[in-house]
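Data from data_39.cif: mmCIF, C-alpha atoms
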```
data_data
loop_
_atom_site.label_atom_id
_atom_site.label_comp_id
_atom_site.auth_asym_id
_atom_site.auth_seq_id
_atom_site.Cartn_x
_atom_site.Cartn_y
_atom_site.Cartn_z
CA MET O 1422 150.81 73.26 141.15
CA ALA O 1423 149.61 74.13 144.64
CA ALA O 1424 151.20 77.16 146.29
CA ARG O 1425 152.92 76.01 149.46
CA THR O 1426 154.26 79.21 150.90
CA GLU O 1427 153.70 82.93 150.53
CA GLN O 1428 156.89 83.02 148.44
CA ASP O 1429 155.25 80.71 145.90
CA VAL O 1430 152.25 83.01 145.66
CA VAL O 1431 154.46 86.05 145.08
CA ARG O 1432 156.47 84.24 142.41
CA SER O 1433 153.30 83.15 140.63
CA GLU O 1434 151.96 86.72 140.70
CA LEU O 1435 155.22 88.01 139.30
CA ARG O 1436 155.20 85.48 136.49
CA TRP O 1437 151.69 86.47 135.50
CA SER O 1438 152.55 90.17 135.78
CA ILE O 1439 155.33 89.58 133.27
CA VAL O 1440 152.91 87.81 130.89
CA VAL O 1441 150.41 90.69 131.17
CA GLY O 1442 153.19 93.27 130.79
CA LEU O 1443 154.50 91.60 127.65
CA THR O 1444 150.99 91.37 126.18
CA VAL O 1445 150.27 95.05 126.83
CA GLY O 1446 153.72 95.91 125.46
CA ALA O 1447 153.12 93.92 122.28
CA ILE O 1448 149.75 95.60 121.71
CA SER O 1449 151.29 99.06 122.31
CA LEU O 1450 154.04 98.28 119.82
CA ALA O 1451 151.46 97.11 117.28
CA ILE O 1452 149.57 100.39 117.69
CA LEU O 1453 152.79 102.41 117.39
CA TRP O 1454 153.80 100.42 114.34
CA ALA O 1455 150.39 100.95 112.72
CA GLY O 1456 150.57 104.67 113.43
CA LEU O 1457 154.23 105.30 112.57
CA VAL O 1458 154.91 102.86 109.76
CA ARG O 1459 151.50 102.31 108.18
CA PHE O 1460 150.22 105.84 108.93
CA ILE O 1461 146.88 104.59 110.19
CA ASN O 1462 145.15 107.32 112.14
CA PRO O 1463 141.66 108.18 113.32
CA PRO O 1464 139.37 109.90 110.80
CA SER O 1465 140.10 113.58 110.76
CA ASN O 1466 137.49 115.23 108.57
CA ILE O 1467 134.09 115.36 110.21
CA GLU O 1468 131.25 115.94 107.77
CA THR O 1469 127.67 116.09 108.93
CA ILE O 1470 124.40 115.60 107.06
CA ASP O 1471 120.76 115.73 108.21
CA PRO O 1472 119.72 112.06 108.41
CA ASN O 1473 116.00 112.91 108.06
CA SER O 1474 116.44 114.40 104.62
CA VAL O 1475 119.25 112.33 103.12
CA HIS O 1476 116.90 111.38 100.26
CA LEU O 1477 116.34 115.07 99.49
CA SER O 1478 119.96 116.16 99.82
CA ALA O 1479 121.74 117.36 96.70
CA GLU O 1480 124.45 114.77 97.10
CA PHE O 1481 122.70 111.63 98.31
CA ASN O 1482 119.36 111.76 96.51
CA GLU O 1483 118.59 108.65 94.55
CA ALA O 1484 119.55 110.02 91.14
CA ASN O 1485 123.03 110.95 92.36
CA LEU O 1486 124.00 107.62 93.90
CA GLY O 1487 126.55 105.32 92.31
CA THR O 1488 129.79 106.18 90.54
CA ARG O 1489 130.48 109.49 88.88
CA VAL O 1490 133.66 111.03 87.49
CA GLU O 1491 133.99 114.61 88.72
CA ASN O 1492 136.94 116.73 87.56
CA GLY O 1493 138.83 113.57 86.73
CA GLN O 1494 138.17 112.14 90.17
CA VAL O 1495 136.14 108.96 90.57
CA VAL O 1496 133.55 109.38 93.34
CA THR O 1497 131.20 106.59 94.41
CA ARG O 1498 128.22 107.36 96.63
CA VAL O 1499 126.27 104.73 98.50
CA VAL O 1500 123.43 105.01 101.00
CA ALA O 1501 123.29 102.24 103.60
CA THR O 1502 119.72 101.77 104.76
CA GLN O 1503 117.60 99.11 106.41
CA PHE O 1504 118.17 96.57 104.77
CA SER O 1505 119.98 97.27 101.56
CA PHE O 1506 122.62 99.40 100.00
CA ALA O 1507 121.51 101.85 97.35
CA PRO O 1508 122.62 101.19 94.69
CA GLN O 1509 122.92 97.43 94.94
CA CYS O 1510 125.94 97.39 92.62
CA VAL O 1511 128.56 100.07 91.95
CA VAL O 1512 131.16 99.98 89.21
CA VAL O 1513 134.69 101.34 89.70
CA PRO O 1514 137.80 101.36 87.50
CA ALA O 1515 140.86 99.30 88.48
CA ASN O 1516 144.15 101.01 89.38
CA ARG O 1517 142.65 104.48 89.83
CA GLN O 1518 142.02 106.29 93.06
CA VAL O 1519 138.35 106.02 94.01
CA THR O 1520 136.69 108.14 96.67
CA LEU O 1521 133.86 106.25 98.36
CA ARG O 1522 131.28 108.26 100.26
CA PHE O 1523 128.65 106.66 102.47
CA THR O 1524 125.85 107.82 104.70
CA SER O 1525 122.86 106.34 106.49
CA PRO O 1526 119.36 107.74 106.94
CA ASP O 1527 118.32 105.37 109.73
CA VAL O 1528 120.63 103.40 112.00
CA ILE O 1529 124.34 102.63 112.29
CA HIS O 1530 125.56 100.41 109.48
CA GLY O 1531 129.05 99.30 108.52
CA ILE O 1532 130.72 98.75 105.19
CA LEU O 1533 133.66 96.70 104.14
CA VAL O 1534 134.76 95.68 100.68
CA THR O 1535 136.36 92.26 100.80
CA GLY O 1536 140.08 92.17 100.11
CA THR O 1537 140.54 95.95 100.20
CA ASN O 1538 141.21 98.62 102.80
CA VAL O 1539 137.61 99.87 102.61
CA ASN O 1540 136.18 99.32 106.06
CA THR O 1541 134.18 101.93 107.91
CA MET O 1542 131.17 102.48 110.08
CA VAL O 1543 128.32 104.40 108.52
CA VAL O 1544 126.70 106.54 111.17
CA PRO O 1545 123.46 108.45 110.58
CA GLY O 1546 124.15 112.18 110.59
CA TYR O 1547 127.65 111.80 109.18
CA VAL O 1548 129.29 111.17 105.84
CA ALA O 1549 131.94 108.44 105.91
CA GLN O 1550 134.61 108.79 103.27
CA VAL O 1551 137.27 106.29 102.21
CA HIS O 1552 139.88 106.51 99.45
CA SER O 1553 140.98 103.33 97.80
CA VAL O 1554 142.66 101.90 94.74
CA PHE O 1555 141.22 98.60 93.55
CA ARG O 1556 143.93 96.39 92.03
CA LYS O 1557 142.00 93.24 91.19
CA THR O 1558 139.15 93.23 88.72
CA GLY O 1559 135.95 91.32 89.33
CA ASP O 1560 132.95 91.45 91.63
CA LEU O 1561 133.77 92.21 95.26
CA LEU O 1562 131.35 91.58 98.07
CA MET O 1563 130.36 94.58 100.17
CA PRO O 1564 128.43 93.37 103.23
CA CYS O 1565 127.03 95.40 106.10
CA HIS O 1566 129.20 94.56 109.09
CA GLU O 1567 127.45 96.44 111.87
CA TYR O 1568 124.27 94.84 113.19
CA CYS O 1569 121.47 97.08 111.92
CA GLY O 1570 118.28 95.10 112.50
CA LEU O 1571 116.50 91.91 111.56
CA GLY O 1572 117.51 92.04 107.89
CA HIS O 1573 121.20 92.67 108.63
CA SER O 1574 122.47 89.32 107.39
CA GLN O 1575 120.78 89.79 104.01
CA MET O 1576 122.28 93.24 103.53
CA TRP O 1577 125.08 93.22 100.98
CA ALA O 1578 125.96 94.82 97.70
CA THR O 1579 128.54 94.39 94.96
CA VAL O 1580 131.53 96.49 93.95
CA ARG O 1581 132.33 95.68 90.33
CA VAL O 1582 135.97 96.48 89.52
CA VAL O 1583 136.45 96.72 85.76
CA PRO O 1584 139.69 97.22 83.78
CA GLU O 1585 140.39 100.91 83.24
CA ASP O 1586 139.70 100.60 79.50
CA ASP O 1587 136.26 99.11 80.14
CA PHE O 1588 135.29 101.91 82.51
CA LYS O 1589 133.17 104.13 80.31
CA PRO O 1590 131.23 106.86 82.09
CA ASP O 1591 128.47 108.59 80.13
CA ALA O 1592 128.42 112.25 79.12
CA ASP O 1593 127.39 113.25 82.65
CA GLY O 1594 130.31 111.25 84.08
CA ARG O 1595 128.09 108.53 85.51
CA ALA O 1596 128.89 104.84 85.29
CA LEU O 1597 126.37 102.12 86.07
CA CYS O 1598 126.69 98.42 86.75
CA GLU O 1599 125.57 96.54 83.71
CA LYS O 1600 123.20 93.72 84.40
CA PRO O 1601 125.12 90.45 84.04
CA MET W 763 165.80 91.34 153.74
CA SER W 764 163.39 92.34 156.47
CA PRO W 765 159.65 92.40 155.66
CA GLU W 766 159.70 96.23 155.87
CA ASP W 767 162.48 96.43 153.29
CA SER W 768 160.67 94.01 151.05
CA ASP W 769 157.47 96.10 151.24
CA ARG W 770 159.38 99.29 150.47
CA LEU W 771 161.03 97.72 147.46
CA TRP W 772 157.66 96.47 146.23
CA ILE W 773 156.01 99.89 146.59
CA ARG W 774 158.91 101.67 144.92
CA SER W 775 159.08 99.34 141.99
CA SER W 776 155.32 99.43 141.41
CA ILE W 777 155.32 103.23 141.47
CA GLY W 778 158.26 103.11 139.08
CA VAL W 779 156.39 100.84 136.68
CA VAL W 780 153.24 103.01 136.74
CA VAL W 781 155.23 106.21 136.17
CA GLY W 782 157.19 104.49 133.40
CA VAL W 783 154.06 103.34 131.60
CA LEU W 784 152.50 106.81 131.95
CA ALA W 785 155.66 108.48 130.62
CA PHE W 786 155.79 106.06 127.71
CA GLY W 787 152.11 106.74 126.95
CA ILE W 788 152.56 110.51 127.06
CA LEU W 789 155.72 110.36 124.98
CA SER W 790 154.26 108.13 122.28
CA GLY W 791 150.77 109.69 122.19
CA PHE W 792 151.65 113.36 122.49
CA VAL W 793 155.14 113.53 120.99
CA ILE W 794 156.26 110.63 118.80
CA MET W 795 152.96 109.87 117.07
CA PRO W 796 151.95 113.48 116.25
CA VAL W 797 155.45 114.51 115.17
CA VAL W 798 155.91 111.56 112.80
CA GLN W 799 152.37 111.65 111.42
CA GLY W 800 152.41 115.46 111.29
CA ALA W 801 155.55 115.41 109.18
CA GLN W 802 153.64 113.29 106.64
CA ALA W 803 150.85 115.86 106.54
CA GLY W 804 153.27 118.79 106.36
CA ILE W 805 152.66 120.00 109.91
CA ASP W 806 155.66 121.22 111.93
CA PRO W 807 156.50 119.29 115.14
CA TRP W 808 155.45 122.01 117.58
CA THR W 809 152.03 122.53 115.96
CA ALA W 810 151.55 118.77 115.78
CA ILE W 811 152.20 118.41 119.52
CA CYS W 812 149.87 121.32 120.34
CA ARG W 813 147.14 119.77 118.20
CA ALA W 814 147.60 116.38 119.83
CA LEU W 815 147.25 118.02 123.24
CA GLY W 816 144.13 119.85 122.10
CA ILE W 817 145.69 123.29 122.70
CA SER W 818 145.40 124.39 119.09
CA PRO W 819 142.49 123.39 116.86
CA GLY W 820 142.68 120.62 114.25
CA SER W 821 141.99 121.06 110.55
CA PRO W 822 138.52 122.43 109.85
CA ALA W 823 136.20 120.11 107.92
CA ALA W 824 137.37 120.38 104.34
CA GLN W 825 135.00 120.77 101.41
CA GLN W 826 134.67 117.33 99.88
CA PRO W 827 133.83 116.46 96.29
CA ARG W 828 130.17 117.16 95.81
CA SER W 829 127.84 117.19 92.91
CA ALA W 830 124.22 118.06 92.47
CA ALA W 831 121.96 115.65 90.67
CA SER W 832 119.42 116.69 88.13
CA GLY W 833 117.04 113.95 89.28
CA VAL W 834 113.94 114.62 91.30
CA PRO W 835 113.90 113.05 94.77
CA VAL W 836 111.63 110.04 94.90
CA SER W 837 109.66 111.25 97.89
CA ASN W 838 109.52 114.52 99.80
CA VAL W 839 108.50 113.09 103.13
CA ILE W 840 110.80 114.07 105.98
CA TRP W 841 110.36 112.14 109.20
CA SER W 842 110.98 115.11 111.42
CA PRO W 843 110.02 114.97 115.10
CA GLN W 844 107.16 117.41 114.29
CA VAL W 845 105.60 115.05 111.75
CA LEU W 846 105.97 112.02 114.01
CA ASN W 847 104.52 114.04 116.85
CA THR W 848 101.48 115.09 114.82
CA LEU W 849 100.92 111.46 113.87
CA SER W 850 101.09 110.17 117.41
CA SER W 851 99.25 113.03 119.08
CA ALA W 852 96.47 113.66 116.55
CA PRO W 853 93.15 113.81 118.43
CA ALA W 854 91.33 110.50 118.15
CA ASP W 855 88.59 111.73 115.86
CA ALA W 856 90.13 114.80 114.25
CA GLY W 857 90.36 113.00 110.93
CA ARG W 858 86.89 111.51 111.05
CA GLU W 859 85.17 114.16 108.94
CA LEU W 860 87.71 113.88 106.16
CA ALA W 861 87.85 110.10 106.37
CA VAL W 862 84.10 109.62 106.34
CA GLY W 863 83.42 112.38 103.84
CA VAL W 864 86.10 111.54 101.29
CA CYS W 865 88.11 108.37 101.92
CA ALA W 866 85.14 106.23 102.94
CA ALA W 867 83.75 106.05 99.40
CA CYS W 868 86.44 103.52 98.56
CA HIS W 869 88.28 102.66 101.77
CA GLY W 870 85.19 102.34 103.95
CA GLU W 871 84.05 104.43 106.88
CA LEU W 872 85.90 102.19 109.32
CA GLY W 873 88.81 101.50 107.00
CA VAL W 874 87.37 98.28 105.65
CA SER W 875 87.50 98.68 101.90
CA THR W 876 84.47 98.51 99.61
CA ASP W 877 86.55 96.63 97.04
CA PRO W 878 89.71 95.32 98.72
CA ALA W 879 91.15 93.90 95.50
CA GLN W 880 91.49 97.45 94.27
CA PHE W 881 91.47 99.68 97.35
CA PRO W 882 93.54 98.56 100.34
CA ASN W 883 92.01 98.14 103.77
CA MET W 884 93.14 100.97 106.00
CA ALA W 885 91.84 99.87 109.40
CA GLY W 886 94.67 99.25 111.82
CA GLN W 887 97.35 100.26 109.31
CA SER W 888 100.37 102.18 110.60
CA SER W 889 99.64 105.91 110.55
CA ALA W 890 103.14 106.69 109.29
CA ALA W 891 102.61 104.37 106.31
CA ILE W 892 99.29 106.02 105.40
CA TYR W 893 100.74 109.49 105.85
CA LYS W 894 103.74 108.72 103.66
CA GLN W 895 101.55 107.49 100.80
CA LEU W 896 99.17 110.46 101.02
CA HIS W 897 102.15 112.79 100.99
CA ASP W 898 103.65 110.98 97.99
CA TYR W 899 100.38 111.23 96.06
CA LYS W 900 100.33 114.93 96.75
CA SER W 901 103.93 115.51 95.66
CA GLY W 902 103.41 113.32 92.61
CA ALA W 903 105.94 110.75 93.80
CA ARG W 904 103.29 108.04 93.66
CA ILE W 905 100.94 108.03 90.75
CA ASN W 906 97.21 107.31 90.86
CA ASP W 907 94.71 109.66 89.26
CA THR W 908 92.01 109.29 91.90
CA MET W 909 94.28 109.55 94.92
CA GLN W 910 96.30 112.41 93.48
CA SER W 911 93.23 114.53 92.89
CA VAL W 912 91.78 113.67 96.31
CA VAL W 913 94.86 114.71 98.29
CA GLN W 914 95.77 117.75 96.21
CA ASP W 915 94.22 120.29 98.61
CA LEU W 916 95.03 118.55 101.88
CA THR W 917 97.48 120.05 104.33
CA ASP W 918 100.13 117.96 106.09
CA THR W 919 98.10 118.12 109.29
CA GLN W 920 94.91 116.91 107.58
CA MET W 921 96.81 114.01 106.07
CA ALA W 922 98.28 113.13 109.45
CA GLU W 923 94.87 113.27 111.10
CA ALA W 924 93.23 111.08 108.47
CA ALA W 925 96.11 108.63 108.79
CA ALA W 926 95.77 108.58 112.57
CA TYR W 927 91.99 108.06 112.26
CA PHE W 928 92.35 104.94 110.14
CA ALA W 929 95.29 103.66 112.18
CA ARG W 930 93.01 103.56 115.22
CA ARG W 931 90.17 101.61 113.60
CA ALA W 932 89.89 97.94 114.49
CA ARG W 933 91.30 95.55 111.92
CA PRO W 934 88.81 93.81 109.62
CA PRO W 935 87.02 90.96 111.41
CA TRP W 936 88.49 87.50 111.44
CA ASP W 937 86.98 85.22 108.83
CA VAL W 938 86.05 82.00 110.63
CA THR W 939 86.28 80.01 107.42
CA TRP W 940 89.91 81.11 107.00
CA VAL W 941 92.28 78.33 105.95
CA ARG W 942 95.96 78.82 105.55
CA THR W 943 97.04 77.78 102.04
CA ALA W 944 100.47 79.37 101.66
CA GLY W 945 103.20 76.75 101.94
CA PRO W 946 106.51 76.57 103.78
CA GLU W 947 108.42 78.21 100.92
CA ALA W 948 106.51 81.47 101.32
CA ASP W 949 106.90 81.22 105.07
CA ARG W 950 110.68 80.83 104.72
CA LEU W 951 110.98 83.82 102.38
CA ALA W 952 108.79 85.96 104.60
CA ARG W 953 110.54 85.06 107.83
CA THR W 954 114.17 84.40 106.93
CA GLY W 955 114.65 85.89 103.47
CA ASP W 956 117.40 84.67 101.16
CA SER W 957 120.95 85.76 101.96
CA ALA W 958 122.37 84.47 98.68
CA ARG W 959 120.22 86.95 96.78
CA GLY W 960 120.55 89.70 99.36
CA LEU W 961 116.84 89.40 99.96
CA PRO W 962 115.89 90.46 103.48
CA ALA W 963 113.00 88.70 105.17
CA CYS W 964 109.71 90.57 104.60
CA GLU W 965 109.18 90.38 108.33
CA SER W 966 112.42 92.24 109.09
CA CYS W 967 110.56 95.44 108.17
CA HIS W 968 106.87 94.54 107.85
CA SER W 969 106.42 92.74 111.12
CA PRO W 970 104.67 95.15 113.51
CA ALA W 971 107.46 94.58 116.04
CA ALA W 972 110.34 95.10 113.60
CA ALA W 973 112.37 98.25 114.07
CA GLY W 974 112.67 98.92 110.35
CA PRO W 975 111.97 102.12 108.41
CA VAL W 976 109.19 104.12 110.03
CA GLU W 977 107.00 104.27 106.91
CA THR W 978 106.80 100.49 106.47
CA PRO W 979 103.16 99.36 106.33
CA VAL W 980 102.03 96.38 108.34
CA LEU W 981 100.87 93.59 106.05
CA PHE W 982 97.60 91.97 106.98
CA ALA W 983 94.06 91.77 105.77
CA GLN W 984 94.82 92.81 102.20
CA THR W 985 93.80 90.82 99.19
CA PRO W 986 96.38 88.81 97.21
CA GLN W 987 95.34 90.82 94.14
CA TYR W 988 96.22 94.14 95.74
CA LEU W 989 99.51 92.89 97.20
CA SER W 990 100.72 91.28 93.98
CA VAL W 991 99.82 94.32 91.89
CA GLN W 992 101.86 96.51 94.25
CA MET W 993 104.85 94.15 94.27
CA ARG W 994 104.81 94.03 90.48
CA ALA W 995 104.56 97.82 90.33
CA PHE W 996 107.68 98.00 92.50
CA LYS W 997 109.41 95.39 90.38
CA SER W 998 108.73 97.23 87.12
CA GLY W 999 109.60 100.57 88.68
CA GLN W 1000 106.13 101.92 88.01
CA ARG W 1001 105.75 102.57 91.73
CA ARG W 1002 108.94 104.29 92.78
CA SER W 1003 108.33 106.45 95.80
CA ASP W 1004 109.98 104.00 98.21
CA LEU W 1005 113.03 105.64 99.73
CA PHE W 1006 116.37 104.41 98.38
CA GLY W 1007 114.59 101.79 96.27
CA ARG W 1008 114.10 99.50 99.24
CA MET W 1009 111.01 97.79 97.86
CA ARG W 1010 112.08 98.11 94.22
CA ASP W 1011 115.23 96.16 95.11
CA VAL W 1012 113.34 93.48 97.00
CA ALA W 1013 110.54 93.07 94.48
CA GLY W 1014 113.06 93.11 91.64
CA LYS W 1015 114.76 90.05 93.09
CA LEU W 1016 111.51 88.11 93.47
CA SER W 1017 110.32 85.80 90.72
CA GLU W 1018 106.76 86.07 89.44
CA ARG W 1019 105.93 82.87 91.27
CA GLU W 1020 107.37 84.16 94.52
CA ILE W 1021 105.36 87.37 94.21
CA ASP W 1022 102.12 85.40 93.93
CA MET W 1023 103.18 83.14 96.77
CA LEU W 1024 103.98 86.03 99.10
CA ALA W 1025 100.82 87.89 98.14
CA GLN W 1026 98.84 84.82 99.13
CA TYR W 1027 100.89 84.40 102.32
CA TYR W 1028 100.30 87.96 103.48
CA SER W 1029 96.65 88.01 102.49
CA GLU W 1030 96.20 85.20 104.99
CA MET W 1031 98.00 87.15 107.71
CA ARG W 1032 95.70 88.35 110.47
#
```

Written as structure tokens, how would this file's structure read?
Amino acid sequence: MAARTEQDVVRSELRWSIVVGLTVGAISLAILWAGLVRFINPPSNIETIDPNSVHLSAEFNEANLGTRVENGQVVTRVVATQFSFAPQCVVVPANRQVTLRFTSPDVIHGILVTGTNVNTMVVPGYVAQVHSVFRKTGDLLMPCHEYCGLGHSQMWATVRVVPEDDFKPDADGRALCEKP
Amino acid sequence: MSPEDSDRLWIRSSIGVVVGVLAFGILSGFVIMPVVQGAQAGIDPWTAICRALGISPGSPAAQQPRSAASGVPVSNVIWSPQVLNTLSSAPADAGRELAVGVCAACHGELGVSTDPAQFPNMAGQSSAAIYKQLHDYKSGARINDTMQSVVQDLTDTQMAEAAAYFARRARPPWDVTWVRTAGPEADRLARTGDSARGLPACESCHSPAAAGPVETPVLFAQTPQYLSVQMRAFKSGQRRSDLFGRMRDVAGKLSEREIDMLAQYYSEMR
């Protein structure tokens, strides 16, 4: 529709202003709803770690990765590195709170566990922590979702959710993925 | 309505909209959001508002669940700026004496091995890769009787200088009779990997232009024997000084046939 007069132009601008206003309003309401009803907020606890010596750190050295039960709390530690997750498979019990802790020694990676609320960036120099309760048993895919280099699309690992009764940590509290 | 009136109305209403949006933003961001979320976290409304405004500090970083492992780290190499600096700024021939006097017996004076099936060629290799392996032999992370005894008395600087010396030697000469025998399957694995197995392309780290881990060696001019022995050592876990099991993971996913194929492929890489 061609604008014939200045009035037409003004009306068109107003119409579009209303569309933009409604869009911005809807997004603001979605943010408010997420914050007020779903209690989604920015991460609050900043934890740092020296990225050069992650492999020597007490917490993230190779022997301490994976799932461990500590004081009744299930803690899973994973290092995201170019181009794999260590370990490649972690086992967690269903219907129990699990604390997942991630860090990276090299570049920015991202982690999500399909079908769960676990979704975070993994930034070198920081520890990313997520709490979750896994309801469904089975193998869940955990891909890297932040471009990290040429091998990014081959970078994924498995979260194996087992029924609580089948979750049997050893004397040290560690639980490993059994080879299928 | 005169044009002046129309303009005035326009200006007033736009100012009104901007002020309204600003007020809504301030109200929701500094009052509603902190008060409601603060109540969940047991923080009183006034403190919550002050924290949202940045007037009073937030919660200090809380101690998180931690545990110490009894395991020994796989490698003690730390890629600090100092180490990287020593590697890149080592004088051109500082490592010559050591290299010629000690390393040359097996690896050759110019880094071209005397028996490449057993001892890898060093000429043109990445200095970080050589340094990492020397360091791992010294710390006992990588096991080899000869190498471990050779590096035992070397300092970090000596290792860096020897690494830099070999890194600057010209690669072994091109063999004019060279014929490429590795097929497209090896090429596909090396260049695109296999997503279904979570197998990254070899080239995503080993290509000289790839921005992968700093200690990754460049793969060229080695014999298929040497390469396949190393891949199998990773696969069995006999060689385990790779950080975070990067190579142990990759080699563990490769079949015996694929290992031979890739060893052949990379031995033909110049």

Near chain W, meaning an atom within 7 Å, which residues of chain O appear when counting all atoms listed in the file? Write them as an MDAnalysis selection string. chainID O and resid 1456:1457 1460 1466:1468 1473:1474 1476:1477 1479:1480 1482:1485 1503:1505 1507 1570:1572 1574:1577

Find, counting all atoms listed in the file, the residue in O:Ala1549, O:Asp1527, O:Thr1469, O:Lys1600 that gets nearest to Glu977 of chain W. O:Asp1527

If I take atom CA of Arg1019 of chain W and atom CA of Met993 of chain W, how far is one from the other in Å, to one decimal?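 Rounded to one decimal, the two atoms are 11.7 Å apart.
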
Translate the PyMOL selection byres ((chain W and resi 914) around 12), as applied to the file shown, into an explicit residue set as a PyMOL selection string. chain W and resi 896-902+906-913+915-918+920-921

Evaluate the PyMOL selection byres ((chain O and resi 1543) around 10) on the structure here and hand back the selected residues as a PyMOL selection string. chain O and resi 1500-1502+1522-1526+1528-1532+1540-1542+1544-1550+1565-1567

Met884 of chain W: which residues within 6 Å, counting all atoms listed in the file, same-chain residues fewer than 2 positions away excluded, as a PyMOL selection string? chain W and resi 873+887+928

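One finds atom CA of Pro1590 of chain O at 7.3 Å from atom CA of Arg1489 of chain O.
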
At what distance in Å, to one decimal, does atom CA of Pro970 of chain W lie from atom CA of Ser889 of chain W?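 Separation between atom CA of Ser889 of chain W and atom CA of Pro970 of chain W: 12.2 Å.
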
Using only C-alpha atoms, which residues sit within 8 Å of Thr848 of chain W once same-chain residues fewer than 6 positions away are excluded, as a list in words?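 The residues satisfying every condition are Thr919, Ala922 and Glu923 of chain W.
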
Nearest residue to Ala1592 of chain O out of O:Val1551, O:Val1490, O:Val1511, O:Val1458, using only C-alpha atoms?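 Closest to Ala1592 of chain O of all the choices is O:Val1490.
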
Find the residues around Pro1584 of chain O up to 7 Å (only C-alpha atoms counted), leave out those fewer than 6 positions away in its own chain, and share them as a PDB file with C-alpha atoms, in the coordinates of the input.
```pdb
ATOM      1  CA  PRO O1514     137.800 101.360  87.500  1.00  0.00           C
ATOM      2  CA  ALA O1515     140.860  99.300  88.480  1.00  0.00           C
ATOM      3  CA  THR O1558     139.150  93.230  88.720  1.00  0.00           C
TER       4      THR O1558
END
```

What does the PyMOL selection byres ((chain O and resi 1516) around 7) select in this file, as a list in words? Pro1514, Ala1515, Arg1517, Gln1518, Val1554, Phe1555 and Arg1556 of chain O
